[in-house]
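Source file my_file_4.cif; content: mmCIF, C-alpha atoms and all ligand atoms.
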data_input
#
loop_
_atom_site.label_atom_id
_atom_site.label_comp_id
_atom_site.auth_asym_id
_atom_site.auth_seq_id
_atom_site.Cartn_x
_atom_site.Cartn_y
_atom_site.Cartn_z
CA MET H 207 17.56 -11.92 19.33
CA ALA H 208 16.15 -14.50 21.74
CA GLN H 209 15.22 -18.06 20.89
CA THR H 210 13.42 -18.82 17.60
CA PRO H 211 9.65 -18.37 18.03
CA ASP H 212 7.09 -20.82 16.63
CA VAL H 213 5.66 -18.06 14.44
CA VAL H 214 7.06 -14.82 13.02
CA ILE H 215 4.50 -12.25 11.86
CA VAL H 216 5.67 -9.56 9.47
CA GLY H 217 3.55 -6.43 9.97
CA GLY H 218 2.17 -5.01 13.21
CA GLY H 219 -1.16 -3.56 12.07
CA ILE H 220 -4.51 -4.77 13.33
CA ILE H 221 -4.24 -7.95 11.29
CA GLY H 222 -0.75 -8.97 12.45
CA LEU H 223 -1.48 -8.03 16.07
CA SER H 224 -4.84 -9.83 16.20
CA ILE H 225 -3.34 -13.04 14.81
CA ALA H 226 -0.41 -12.75 17.23
CA TRP H 227 -2.77 -12.38 20.18
CA TYR H 228 -4.99 -15.32 19.14
CA LEU H 229 -1.97 -17.59 18.64
CA ALA H 230 -0.26 -16.56 21.87
CA ARG H 231 -3.41 -17.24 23.87
CA GLU H 232 -3.15 -20.82 22.60
CA GLY H 233 0.42 -21.13 23.87
CA VAL H 234 2.19 -20.49 20.54
CA THR H 235 5.34 -18.34 20.81
CA VAL H 236 5.08 -15.35 18.47
CA ARG H 237 7.36 -12.53 17.33
CA VAL H 238 5.98 -9.54 15.41
CA LEU H 239 8.37 -7.65 13.11
CA GLU H 240 7.22 -4.11 12.38
CA ARG H 241 9.01 -1.73 10.05
CA ASP H 242 7.79 1.46 11.76
CA ARG H 243 5.74 1.63 14.93
CA LEU H 244 3.05 -0.92 15.72
CA GLY H 245 -0.31 0.12 14.29
CA SER H 246 1.02 3.30 12.73
CA HIS H 247 -0.48 2.89 9.23
CA ALA H 248 -3.94 1.93 7.88
CA SER H 249 -5.10 0.45 11.17
CA SER H 250 -4.84 3.73 13.07
CA ALA H 251 -6.20 5.74 10.16
CA ALA H 252 -9.47 3.79 9.90
CA ALA H 253 -12.89 5.10 10.84
CA GLY H 254 -13.68 1.90 12.71
CA MET H 255 -17.10 1.13 11.25
CA LEU H 256 -18.12 -2.50 11.53
CA ALA H 257 -20.34 -2.58 8.46
CA PRO H 258 -20.53 -5.80 6.45
CA LEU H 259 -23.52 -4.49 4.50
CA ALA H 260 -21.37 -1.72 3.04
CA GLU H 261 -19.69 -4.21 0.72
CA SER H 262 -22.56 -6.38 -0.38
CA ASP H 263 -26.33 -6.70 -0.12
CA GLU H 264 -26.10 -10.32 -1.19
CA ILE H 265 -24.97 -13.28 0.86
CA THR H 266 -21.52 -13.54 -0.73
CA PRO H 267 -18.45 -15.17 0.87
CA LEU H 268 -17.25 -11.63 1.73
CA PHE H 269 -20.55 -10.78 3.43
CA ARG H 270 -20.46 -14.07 5.39
CA PHE H 271 -16.88 -13.38 6.44
CA GLY H 272 -17.70 -9.85 7.61
CA LYS H 273 -20.88 -10.94 9.37
CA ALA H 274 -19.05 -13.80 11.14
CA SER H 275 -16.48 -11.26 12.33
CA LEU H 276 -19.18 -8.85 13.52
CA ASP H 277 -20.68 -11.75 15.50
CA LEU H 278 -17.29 -12.34 17.15
CA TYR H 279 -16.80 -8.68 18.09
CA PRO H 280 -18.57 -8.62 21.49
CA THR H 281 -16.39 -11.49 22.76
CA PHE H 282 -13.31 -10.08 21.02
CA VAL H 283 -13.57 -6.72 22.83
CA GLU H 284 -14.50 -8.35 26.12
CA GLN H 285 -11.44 -10.64 26.08
CA LEU H 286 -9.29 -7.78 24.85
CA ALA H 287 -10.45 -5.59 27.72
CA PHE H 288 -9.56 -8.41 30.12
CA ASP H 289 -6.05 -9.04 28.74
CA SER H 290 -5.21 -5.37 28.18
CA GLU H 291 -6.89 -3.97 31.28
CA MET H 292 -8.23 -1.19 29.05
CA ASP H 293 -11.82 -0.30 28.22
CA VAL H 294 -12.49 -1.38 24.66
CA LEU H 295 -16.04 -0.79 23.60
CA LEU H 296 -18.41 -1.35 20.76
CA GLU H 297 -19.71 2.18 20.29
CA GLY H 298 -22.83 3.82 18.98
CA PRO H 299 -26.49 2.99 18.39
CA GLY H 300 -25.80 1.79 14.81
CA LEU H 301 -25.77 3.11 11.29
CA LEU H 302 -28.31 5.09 9.26
CA ARG H 303 -28.09 4.79 5.47
CA LEU H 304 -29.80 8.01 4.42
CA ALA H 305 -32.10 8.46 1.42
CA PHE H 306 -31.94 11.91 -0.19
CA ASN H 307 -34.55 11.27 -2.90
CA GLY H 308 -37.26 8.80 -3.91
CA LYS H 309 -34.90 6.67 -5.96
CA GLU H 310 -32.49 6.22 -3.05
CA ALA H 311 -35.44 5.48 -0.76
CA ASP H 312 -36.57 2.69 -3.11
CA LEU H 313 -33.08 1.20 -3.16
CA LEU H 314 -32.76 1.33 0.63
CA ARG H 315 -36.25 -0.12 1.14
CA ALA H 316 -35.16 -2.98 -1.09
CA LEU H 317 -31.88 -3.32 0.85
CA VAL H 318 -33.63 -3.99 4.15
CA GLN H 319 -35.59 -6.79 2.45
CA THR H 320 -32.52 -8.58 1.07
CA PRO H 321 -31.31 -11.70 2.91
CA ALA H 322 -28.19 -9.76 3.95
CA GLY H 323 -30.27 -6.82 5.20
CA GLN H 324 -32.51 -9.22 7.11
CA GLU H 325 -29.54 -11.05 8.66
CA LEU H 326 -28.35 -7.74 10.04
CA GLU H 327 -31.83 -6.88 11.33
CA THR H 328 -31.99 -3.67 9.31
CA LYS H 329 -35.26 -1.82 9.05
CA TRP H 330 -36.70 0.97 6.96
CA LEU H 331 -37.55 4.22 8.77
CA ASP H 332 -39.71 6.79 7.00
CA GLU H 333 -38.91 10.49 7.25
CA SER H 334 -40.67 11.21 10.54
CA GLU H 335 -39.31 8.03 12.17
CA VAL H 336 -35.72 8.82 11.26
CA ARG H 337 -36.04 12.47 12.38
CA ASP H 338 -37.48 11.24 15.69
CA ILE H 339 -34.30 9.33 16.50
CA GLN H 340 -31.75 11.72 14.94
CA SER H 341 -32.26 15.47 14.91
CA GLY H 342 -30.52 17.91 12.59
CA LEU H 343 -30.73 15.81 9.41
CA ALA H 344 -30.57 17.60 6.04
CA GLU H 345 -33.88 18.86 4.62
CA LYS H 346 -33.74 16.48 1.70
CA VAL H 347 -33.53 13.34 3.83
CA CYS H 348 -36.72 11.37 3.18
CA GLY H 349 -36.01 8.18 5.12
CA ALA H 350 -33.24 5.77 6.08
CA ALA H 351 -32.30 2.13 6.40
CA TYR H 352 -31.41 1.64 10.05
CA SER H 353 -28.84 -1.01 10.89
CA PRO H 354 -28.55 -1.32 14.67
CA ARG H 355 -25.85 -4.02 14.62
CA GLU H 356 -23.39 -2.08 12.47
CA GLN H 357 -21.67 -0.30 15.35
CA ASP H 358 -18.12 1.01 15.43
CA VAL H 359 -14.91 0.85 17.45
CA ASP H 360 -12.12 3.34 18.01
CA PRO H 361 -9.28 1.77 15.98
CA LYS H 362 -6.49 3.67 17.77
CA ARG H 363 -7.72 2.40 21.12
CA LEU H 364 -8.15 -1.09 19.72
CA ILE H 365 -4.52 -1.09 18.59
CA GLN H 366 -3.29 0.09 22.01
CA ALA H 367 -5.34 -2.63 23.68
CA LEU H 368 -4.05 -5.29 21.27
CA ILE H 369 -0.44 -4.27 21.98
CA LYS H 370 -1.02 -4.60 25.73
CA ALA H 371 -2.93 -7.88 25.35
CA CYS H 372 -0.11 -9.31 23.20
CA GLN H 373 2.45 -8.25 25.82
CA LYS H 374 0.42 -9.97 28.50
CA GLN H 375 0.55 -13.14 26.39
CA ASN H 376 4.33 -12.79 25.92
CA VAL H 377 4.32 -11.87 22.23
CA SER H 378 7.68 -10.26 21.41
CA PHE H 379 7.81 -7.14 19.27
CA VAL H 380 10.64 -5.84 17.13
CA GLU H 381 9.91 -2.35 15.80
CA GLY H 382 11.90 -0.41 13.23
CA ILE H 383 12.90 -3.54 11.34
CA HIS H 384 12.61 -3.91 7.58
CA ALA H 385 11.63 -7.52 7.18
CA GLU H 386 13.31 -7.88 3.78
CA GLN H 387 16.65 -7.61 5.53
CA HIS H 388 16.09 -9.98 8.41
CA ALA H 389 14.64 -13.34 9.19
CA MET H 390 11.97 -13.08 6.55
CA VAL H 391 12.33 -16.43 4.85
CA PRO H 392 10.39 -19.06 6.77
CA SER H 393 12.56 -21.75 8.32
CA GLU H 394 11.92 -25.36 9.22
CA SER H 395 11.46 -24.47 12.86
CA SER H 396 9.41 -21.31 12.39
CA LYS H 397 6.35 -20.34 10.39
CA THR H 398 6.06 -16.87 8.87
CA ILE H 399 2.84 -14.95 8.30
CA TYR H 400 3.05 -11.95 5.96
CA ALA H 401 0.58 -9.35 7.20
CA ALA H 402 2.21 -6.17 5.94
CA GLY H 403 -0.99 -4.50 4.73
CA ALA H 404 -0.69 -2.57 1.47
CA TRP H 405 3.06 -3.35 1.38
CA THR H 406 2.57 -7.14 1.30
CA GLY H 407 2.76 -7.31 -2.50
CA GLU H 408 6.10 -5.48 -2.56
CA LEU H 409 7.43 -7.52 0.32
CA LEU H 410 6.54 -10.82 -1.31
CA ALA H 411 7.89 -9.69 -4.65
CA SER H 412 11.30 -9.56 -2.97
CA LEU H 413 10.76 -13.28 -2.28
CA ASP H 414 9.85 -13.78 -5.95
CA TYR H 415 6.22 -14.35 -5.04
CA GLN H 416 3.63 -12.29 -6.89
CA LEU H 417 0.29 -11.30 -5.33
CA PRO H 418 -1.91 -8.46 -6.63
CA VAL H 419 -1.98 -6.25 -3.50
CA LYS H 420 -2.21 -2.52 -4.22
CA PRO H 421 -2.40 0.57 -2.02
CA VAL H 422 -5.67 2.54 -2.08
CA LYS H 423 -5.20 5.90 -0.37
CA GLY H 424 -7.88 7.12 2.02
CA GLN H 425 -8.06 10.51 3.74
CA VAL H 426 -10.12 11.25 6.85
CA VAL H 427 -11.00 14.42 8.77
CA LEU H 428 -11.63 14.59 12.52
CA LEU H 429 -14.07 17.19 13.85
CA GLN H 430 -15.47 17.95 17.29
CA GLN H 431 -19.18 18.59 17.78
CA PRO H 432 -20.06 21.11 20.52
CA THR H 433 -22.89 18.92 21.83
CA LYS H 434 -23.38 15.21 21.28
CA GLU H 435 -26.40 15.79 19.04
CA LEU H 436 -25.14 13.53 16.27
CA ARG H 437 -25.49 10.02 17.71
CA PHE H 438 -25.79 7.70 14.72
CA THR H 439 -23.21 6.89 12.09
CA LEU H 440 -24.54 8.51 8.91
CA TYR H 441 -23.85 6.92 5.56
CA GLY H 442 -24.72 8.44 2.18
CA LEU H 443 -23.65 10.64 -0.76
CA GLY H 444 -20.52 8.50 -1.07
CA GLY H 445 -19.25 9.31 2.42
CA TYR H 446 -19.89 8.89 6.13
CA LEU H 447 -19.83 10.58 9.54
CA VAL H 448 -18.91 8.50 12.56
CA PRO H 449 -19.61 10.14 15.95
CA ARG H 450 -17.48 8.93 18.85
CA GLU H 451 -18.46 8.71 22.51
CA ASN H 452 -16.20 11.70 23.35
CA GLY H 453 -17.95 14.05 20.91
CA ASN H 454 -15.43 13.68 18.09
CA VAL H 455 -16.82 13.01 14.62
CA LEU H 456 -14.84 11.25 11.90
CA VAL H 457 -15.57 12.18 8.29
CA GLY H 458 -14.51 9.74 5.59
CA ALA H 459 -13.14 8.94 3.26
CA THR H 460 -11.45 9.57 -0.05
CA SER H 461 -10.43 6.68 -2.29
CA GLU H 462 -7.40 7.46 -4.40
CA ASP H 463 -4.85 5.76 -6.59
CA ALA H 464 -1.77 7.60 -5.28
CA GLY H 465 0.79 4.87 -4.67
CA PHE H 466 2.06 4.73 -1.09
CA ASP H 467 1.50 8.45 -0.41
CA GLU H 468 0.07 8.79 3.13
CA ARG H 469 -0.25 12.59 3.32
CA ALA H 470 -3.54 14.39 3.86
CA THR H 471 -4.04 17.17 1.30
CA ASP H 472 -5.97 20.48 1.43
CA GLU H 473 -8.05 19.28 -1.51
CA GLY H 474 -8.97 16.02 0.25
CA THR H 475 -9.88 17.89 3.44
CA GLU H 476 -12.08 20.38 1.53
CA GLN H 477 -13.83 17.54 -0.28
CA LEU H 478 -14.58 15.76 3.01
CA LEU H 479 -15.77 18.92 4.79
CA THR H 480 -18.20 19.62 1.93
CA LYS H 481 -19.46 16.04 2.10
CA ALA H 482 -19.90 16.34 5.86
CA THR H 483 -22.17 19.39 5.60
CA HIS H 484 -24.25 17.79 2.85
CA LEU H 485 -24.73 14.72 5.02
CA TYR H 486 -25.33 16.68 8.22
CA PRO H 487 -25.68 20.48 7.85
CA ALA H 488 -24.66 21.29 11.45
CA ALA H 489 -21.24 19.83 10.65
CA ASP H 490 -20.22 23.25 9.31
CA GLN H 491 -20.28 24.42 12.96
CA PHE H 492 -18.07 21.58 14.16
CA THR H 493 -14.48 22.37 15.12
CA PHE H 494 -11.75 21.03 12.87
CA ILE H 495 -9.23 18.94 14.83
CA GLU H 496 -7.03 17.22 12.27
CA ALA H 497 -6.85 15.35 8.98
CA TRP H 498 -4.84 12.24 8.16
CA ALA H 499 -4.41 9.61 5.47
CA SER H 500 -3.12 6.11 4.92
CA VAL H 501 -3.27 3.29 2.38
CA ARG H 502 -5.78 0.45 2.44
CA PRO H 503 -4.54 -2.95 1.30
CA GLY H 504 -6.59 -3.46 -1.89
CA THR H 505 -6.50 -6.50 -4.17
CA SER H 506 -7.35 -7.04 -7.82
CA ASP H 507 -10.70 -8.72 -6.96
CA ASP H 508 -11.43 -6.72 -3.76
CA LEU H 509 -11.25 -9.85 -1.60
CA PRO H 510 -8.71 -10.51 1.16
CA ILE H 511 -5.87 -12.99 0.66
CA LEU H 512 -5.67 -15.44 3.55
CA GLY H 513 -3.97 -18.74 4.14
CA ARG H 514 -0.94 -20.60 2.83
CA LEU H 515 1.45 -19.17 0.32
CA THR H 516 1.20 -22.04 -2.08
CA GLY H 517 4.57 -23.49 -2.99
CA VAL H 518 6.51 -21.90 -0.12
CA GLU H 519 6.97 -24.17 2.88
CA ASN H 520 5.85 -22.70 6.23
CA ALA H 521 4.76 -19.40 4.68
CA PHE H 522 1.32 -17.83 5.14
CA VAL H 523 -0.34 -14.57 4.17
CA ALA H 524 -3.08 -12.41 5.73
CA THR H 525 -3.73 -9.25 3.81
CA GLY H 526 -5.99 -7.49 1.30
CA HIS H 527 -8.64 -6.46 3.84
CA TYR H 528 -9.12 -3.25 1.86
CA ARG H 529 -11.93 -1.17 3.46
CA ASN H 530 -12.79 -3.74 6.13
CA GLY H 531 -9.72 -4.76 8.08
CA ILE H 532 -11.06 -3.48 11.39
CA LEU H 533 -14.31 -5.36 10.89
CA GLN H 534 -12.60 -8.51 9.67
CA ALA H 535 -9.77 -8.72 12.24
CA PRO H 536 -11.43 -11.14 14.72
CA ILE H 537 -12.46 -13.73 12.12
CA THR H 538 -9.12 -13.43 10.32
CA ALA H 539 -7.25 -14.01 13.59
CA LYS H 540 -9.46 -16.93 14.58
CA LEU H 541 -9.15 -18.76 11.27
CA MET H 542 -5.45 -18.01 10.70
CA ALA H 543 -4.67 -19.25 14.23
CA GLU H 544 -6.69 -22.40 13.53
CA LEU H 545 -4.76 -23.00 10.31
CA ILE H 546 -1.37 -22.53 11.99
CA ILE H 547 -2.20 -24.67 15.02
CA THR H 548 -4.01 -27.56 13.30
CA ASP H 549 -2.23 -27.38 9.93
CA LYS H 550 -5.67 -27.91 8.34
CA ASP H 551 -7.16 -25.29 6.03
CA PRO H 552 -10.43 -23.91 7.47
CA GLU H 553 -13.18 -24.13 4.87
CA ALA H 554 -14.19 -20.52 5.48
CA LEU H 555 -10.79 -19.39 4.13
CA ALA H 556 -11.18 -21.23 0.79
CA PRO H 557 -12.67 -18.24 -1.14
CA PHE H 558 -9.73 -16.09 -0.08
CA SER H 559 -6.79 -18.38 -0.81
CA ALA H 560 -3.65 -17.07 -2.52
CA ALA H 561 -3.96 -20.01 -4.90
CA ARG H 562 -6.86 -18.29 -6.72
CA PHE H 563 -4.31 -16.01 -8.36
CA THR H 564 -1.62 -18.54 -9.13
CA GLN H 565 -4.18 -21.06 -10.49
CA ALA H 566 -5.94 -18.49 -12.63
CA GLY H 567 -2.60 -17.21 -13.90
CA VAL H 568 -3.64 -13.70 -12.88
CA VAL H 569 -0.16 -12.68 -11.82
C1 LIG T 1 -9.21 6.22 5.65
C2 LIG T 1 -9.50 4.78 5.99
C3 LIG T 1 -10.70 4.44 6.59
C4 LIG T 1 -10.97 3.11 6.91
N1 LIG T 1 -12.14 2.81 7.56
C5 LIG T 1 -12.39 1.52 7.91
C6 LIG T 1 -13.57 1.19 8.63
O1 LIG T 1 -14.37 2.06 8.97
N2 LIG T 1 -13.80 -0.12 8.96
C7 LIG T 1 -12.92 -1.12 8.62
O2 LIG T 1 -13.18 -2.27 8.93
N3 LIG T 1 -11.79 -0.82 7.94
C8 LIG T 1 -11.50 0.46 7.57
N4 LIG T 1 -10.37 0.75 6.87
C9 LIG T 1 -9.52 -0.34 6.40
C10 LIG T 1 -8.56 -0.84 7.47
O3 LIG T 1 -7.90 0.25 8.06
C11 LIG T 1 -7.53 -1.79 6.84
O4 LIG T 1 -8.16 -2.81 6.10
C12 LIG T 1 -6.68 -2.45 7.94
O5 LIG T 1 -6.15 -1.48 8.81
C13 LIG T 1 -5.54 -3.26 7.36
O6 LIG T 1 -4.76 -3.71 8.42
P1 LIG T 1 -3.32 -4.32 8.18
O7 LIG T 1 -2.81 -4.77 9.49
O8 LIG T 1 -3.42 -5.33 7.07
O9 LIG T 1 -2.49 -3.10 7.56
P2 LIG T 1 -1.68 -1.91 8.29
O10 LIG T 1 -2.42 -1.34 9.41
O11 LIG T 1 -1.25 -0.97 7.21
O12 LIG T 1 -0.44 -2.65 8.90
C14 LIG T 1 0.58 -3.22 8.11
C15 LIG T 1 1.88 -3.02 8.85
O13 LIG T 1 2.93 -3.70 8.16
C16 LIG T 1 4.10 -2.93 8.30
N5 LIG T 1 5.06 -3.29 7.23
C17 LIG T 1 4.99 -3.00 5.92
N6 LIG T 1 6.06 -3.49 5.27
C18 LIG T 1 6.84 -4.10 6.20
C19 LIG T 1 8.07 -4.78 6.16
N7 LIG T 1 8.74 -4.95 5.02
N8 LIG T 1 8.58 -5.28 7.31
C20 LIG T 1 7.92 -5.12 8.49
N9 LIG T 1 6.74 -4.48 8.59
C21 LIG T 1 6.19 -3.99 7.46
C22 LIG T 1 3.61 -1.50 8.17
O14 LIG T 1 4.54 -0.58 8.73
C23 LIG T 1 2.29 -1.55 8.90
O15 LIG T 1 2.40 -1.14 10.26
C24 LIG T 1 -10.04 2.09 6.57
C25 LIG T 1 -8.82 2.43 5.99
C26 LIG T 1 -8.54 3.77 5.71
C27 LIG T 1 -7.20 4.13 5.12
#

Output the file's structure as structure tokens, nothing else.
Amino acid sequence: MAQTPDVVIVGGGIIGLSIAWYLAREGVTVRVLERDRLGSHASSAAAGMLAPLAESDEITPLFRFGKASLDLYPTFVEQLAFDSEMDVLLEGPGLLRLAFNGKEADLLRALVQTPAGQELETKWLDESEVRDIQSGLAEKVCGAAYSPREQDVDPKRLIQALIKACQKQNVSFVEGIHAEQHAMVPSESSKTIYAAGAWTGELLASLDYQLPVKPVKGQVVLLQQPTKELRFTLYGLGGYLVPRENGNVLVGATSEDAGFDERATDEGTEQLLTKATHLYPAADQFTFIEAWASVRPGTSDDLPILGRLTGVENAFVATGHYRNGILQAPITAKLMAELIITDKDPEALAPFSAARFTQAGVV
């Protein structure tokens, strides 16, 4: 292998690749070690919604983090398009959180009034207003909270663009390498960032470092609508439909405790197809294309783990993005790159430090 890079990143999902790209643009030499193929796990399986309000209607550190990342997205995709010479777009007119009864309508009316709802410029639409902008909604829909800023991206395309952009910035990739067996311990001359998604806990355990990262399986179904009638991302009844520019519609997602199993099942597919028709009745006419599954990197407190690995020289971690790794990639990359380059801990990472577990004696 060529000369020792300044930084080795273990894991080539959206998180590892985004950090690699940000660092390389600042002149840092980076090598990404990927066990399989770059982007072949959670990052390609995701629906690609950029929806900070899905996690919290209060201004929590997680909301702030997600909102800051959403704010970075337009520049992120623009620079990515430049470096990769690919079109990478923020898609869609936004997200409709549908109310199916009076109680849900009250909750969603309240949501748009919360500080978080206001920050995202959400607004309440009554039944006729929502039907005016989106036809074909279920009979029971009696209104919606409209969130124009919560758009989406195509994660598979984003990954391809990140790979190209990294190559342009001379990031080196090693695929098919199990990091436990090679070059995984940080050295004096090289910093290591562990960004191995749901596998980060296992990986670090082999270094005798315990972090509570656990896999949360998610299945998704891809359909094709004959016309492009469904324009908005629809959210409700514990699921969502995400229409893409090309007429495909993603239906998500299950949430399962199934270890590292990444297989789509008939049962999961049935469950999602039923949900799709409840959310949008015409979905039963859509053509089935495929189903897939992967594992989200969950943590014991549902917050990401970002920053130094306390007690291990030159070692850093970026994982635990759970349901929001696509949304949170730009801010994660920006702040992790800042930490590596300046050796100063950005304040915005404090709520997500690995030290919260070691200090609290959680693990
Ligand atoms: C069904 C589903 C829907 C989702 N929808 C959304 C959404 O709409 N919006 C959103 O923001 N997020 C969504 N997510 C979450 C998002 O996909 C994840 O948070 C994000 O992809 C995590 O990225 P990652 O790079 O940490 O992990 P991954 O993409 O899993 O990448 C980790 C990489 O590390 C590699 N690796 C593991 N162990 C080793 C090792 N020992 N050595 C070397 N490499 C190793 C793996 O092979 C893998 O490629 C969804 C997830 C799922 C499953």

If we count only C-alpha atoms and set the cut-off at 9 Å, which residues sit around region 526-536 of chain H, ignoring sequence neighbours fewer than 4 positions away in its own chain? Please answer as a PyMOL selection string. chain H and resi 220-221+224-225+228+248-249+252-258+261+271-276+278-279+282+358-359+361+403-404+406+418-422+501-505+508-512+540-541

Spatial neighbours of Ala402 (chain H), 8 Å, only C-alpha atoms, chain gap at least 5 places, as a VMD selection string: chain H and resid 216 to 219 222 409 525

Report, in Å to a single decimal, how far apart CA of Phe522 (chain H) and atom C19 of ligand LIG 1 (chain T) are.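 It comes out at 14.7 Å.
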
Under the rule that only C-alpha atoms and all ligand atoms are counted, which of H:Leu364, H:Ala316, H:Ala482, H:Leu443 is the nearest residue to ligand LIG 1 (chain T)?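 Between H:Leu364, H:Ala316, H:Ala482, H:Leu443, the residue approaching ligand LIG 1 (chain T) most closely is H:Leu364.
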
One decimal, in Å: what's the spacing between CA of Glu553 (chain H) and atom N5 of ligand LIG 1 (chain T)?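 A separation of 27.8 Å between them.
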
Find the spatial neighbours of Arg315 (chain H), counting all atoms listed in the file, within a cut-off of 10 Å - ignore same-chain residues fewer than 2 positions away - and output them as a PyMOL selection string. chain H and resi 305+309-313+317-320+323+328-332+349-351

Reconstructed region 409-424 of chain H, atom set N, CA and C atoms, as a PDB file, in the frame of the given file:
ATOM      1  N   LEU H 409       6.617  -6.683  -0.556  1.00  0.00           N
ATOM      2  CA  LEU H 409       7.430  -7.520   0.320  1.00  0.00           C
ATOM      3  C   LEU H 409       7.591  -8.916  -0.276  1.00  0.00           C
ATOM      4  N   LEU H 410       6.471  -9.468  -0.761  1.00  0.00           N
ATOM      5  CA  LEU H 410       6.540 -10.820  -1.310  1.00  0.00           C
ATOM      6  C   LEU H 410       7.256 -10.845  -2.651  1.00  0.00           C
ATOM      7  N   ALA H 411       7.180  -9.743  -3.378  1.00  0.00           N
ATOM      8  CA  ALA H 411       7.890  -9.690  -4.650  1.00  0.00           C
ATOM      9  C   ALA H 411       9.394  -9.870  -4.419  1.00  0.00           C
ATOM     10  N   SER H 412       9.874  -9.389  -3.262  1.00  0.00           N
ATOM     11  CA  SER H 412      11.300  -9.560  -2.970  1.00  0.00           C
ATOM     12  C   SER H 412      11.624 -11.017  -2.637  1.00  0.00           C
ATOM     13  N   LEU H 413      10.589 -11.824  -2.453  1.00  0.00           N
ATOM     14  CA  LEU H 413      10.760 -13.280  -2.280  1.00  0.00           C
ATOM     15  C   LEU H 413      10.423 -14.007  -3.571  1.00  0.00           C
ATOM     16  N   ASP H 414      10.249 -13.231  -4.650  1.00  0.00           N
ATOM     17  CA  ASP H 414       9.850 -13.780  -5.950  1.00  0.00           C
ATOM     18  C   ASP H 414       8.460 -14.389  -5.922  1.00  0.00           C
ATOM     19  N   TYR H 415       7.590 -13.855  -5.097  1.00  0.00           N
ATOM     20  CA  TYR H 415       6.220 -14.350  -5.040  1.00  0.00           C
ATOM     21  C   TYR H 415       5.292 -13.191  -5.407  1.00  0.00           C
ATOM     22  N   GLN H 416       4.451 -13.401  -6.408  1.00  0.00           N
ATOM     23  CA  GLN H 416       3.630 -12.290  -6.890  1.00  0.00           C
ATOM     24  C   GLN H 416       2.195 -12.406  -6.389  1.00  0.00           C
ATOM     25  N   LEU H 417       1.722 -11.372  -5.694  1.00  0.00           N
ATOM     26  CA  LEU H 417       0.290 -11.300  -5.330  1.00  0.00           C
ATOM     27  C   LEU H 417      -0.199  -9.897  -5.650  1.00  0.00           C
ATOM     28  N   PRO H 418      -1.432  -9.783  -6.194  1.00  0.00           N
ATOM     29  CA  PRO H 418      -1.910  -8.460  -6.630  1.00  0.00           C
ATOM     30  C   PRO H 418      -2.462  -7.610  -5.488  1.00  0.00           C
ATOM     31  N   VAL H 419      -1.577  -7.155  -4.595  1.00  0.00           N
ATOM     32  CA  VAL H 419      -1.980  -6.250  -3.500  1.00  0.00           C
ATOM     33  C   VAL H 419      -1.582  -4.841  -3.897  1.00  0.00           C
ATOM     34  N   LYS H 420      -2.527  -3.901  -3.800  1.00  0.00           N
ATOM     35  CA  LYS H 420      -2.210  -2.520  -4.220  1.00  0.00           C
ATOM     36  C   LYS H 420      -2.713  -1.519  -3.179  1.00  0.00           C
ATOM     37  N   PRO H 421      -1.972  -0.433  -2.986  1.00  0.00           N
ATOM     38  CA  PRO H 421      -2.400   0.570  -2.020  1.00  0.00           C
ATOM     39  C   PRO H 421      -3.563   1.420  -2.546  1.00  0.00           C
ATOM     40  N   VAL H 422      -4.570   1.637  -1.724  1.00  0.00           N
ATOM     41  CA  VAL H 422      -5.670   2.540  -2.080  1.00  0.00           C
ATOM     42  C   VAL H 422      -5.742   3.613  -0.993  1.00  0.00           C
ATOM     43  N   LYS H 423      -5.306   4.818  -1.370  1.00  0.00           N
ATOM     44  CA  LYS H 423      -5.200   5.900  -0.370  1.00  0.00           C
ATOM     45  C   LYS H 423      -6.571   6.342   0.140  1.00  0.00           C
ATOM     46  N   GLY H 424      -6.645   6.592   1.431  1.00  0.00           N
ATOM     47  CA  GLY H 424      -7.880   7.120   2.020  1.00  0.00           C
ATOM     48  C   GLY H 424      -7.560   8.251   2.974  1.00  0.00           C
TER      49      GLY H 424
END
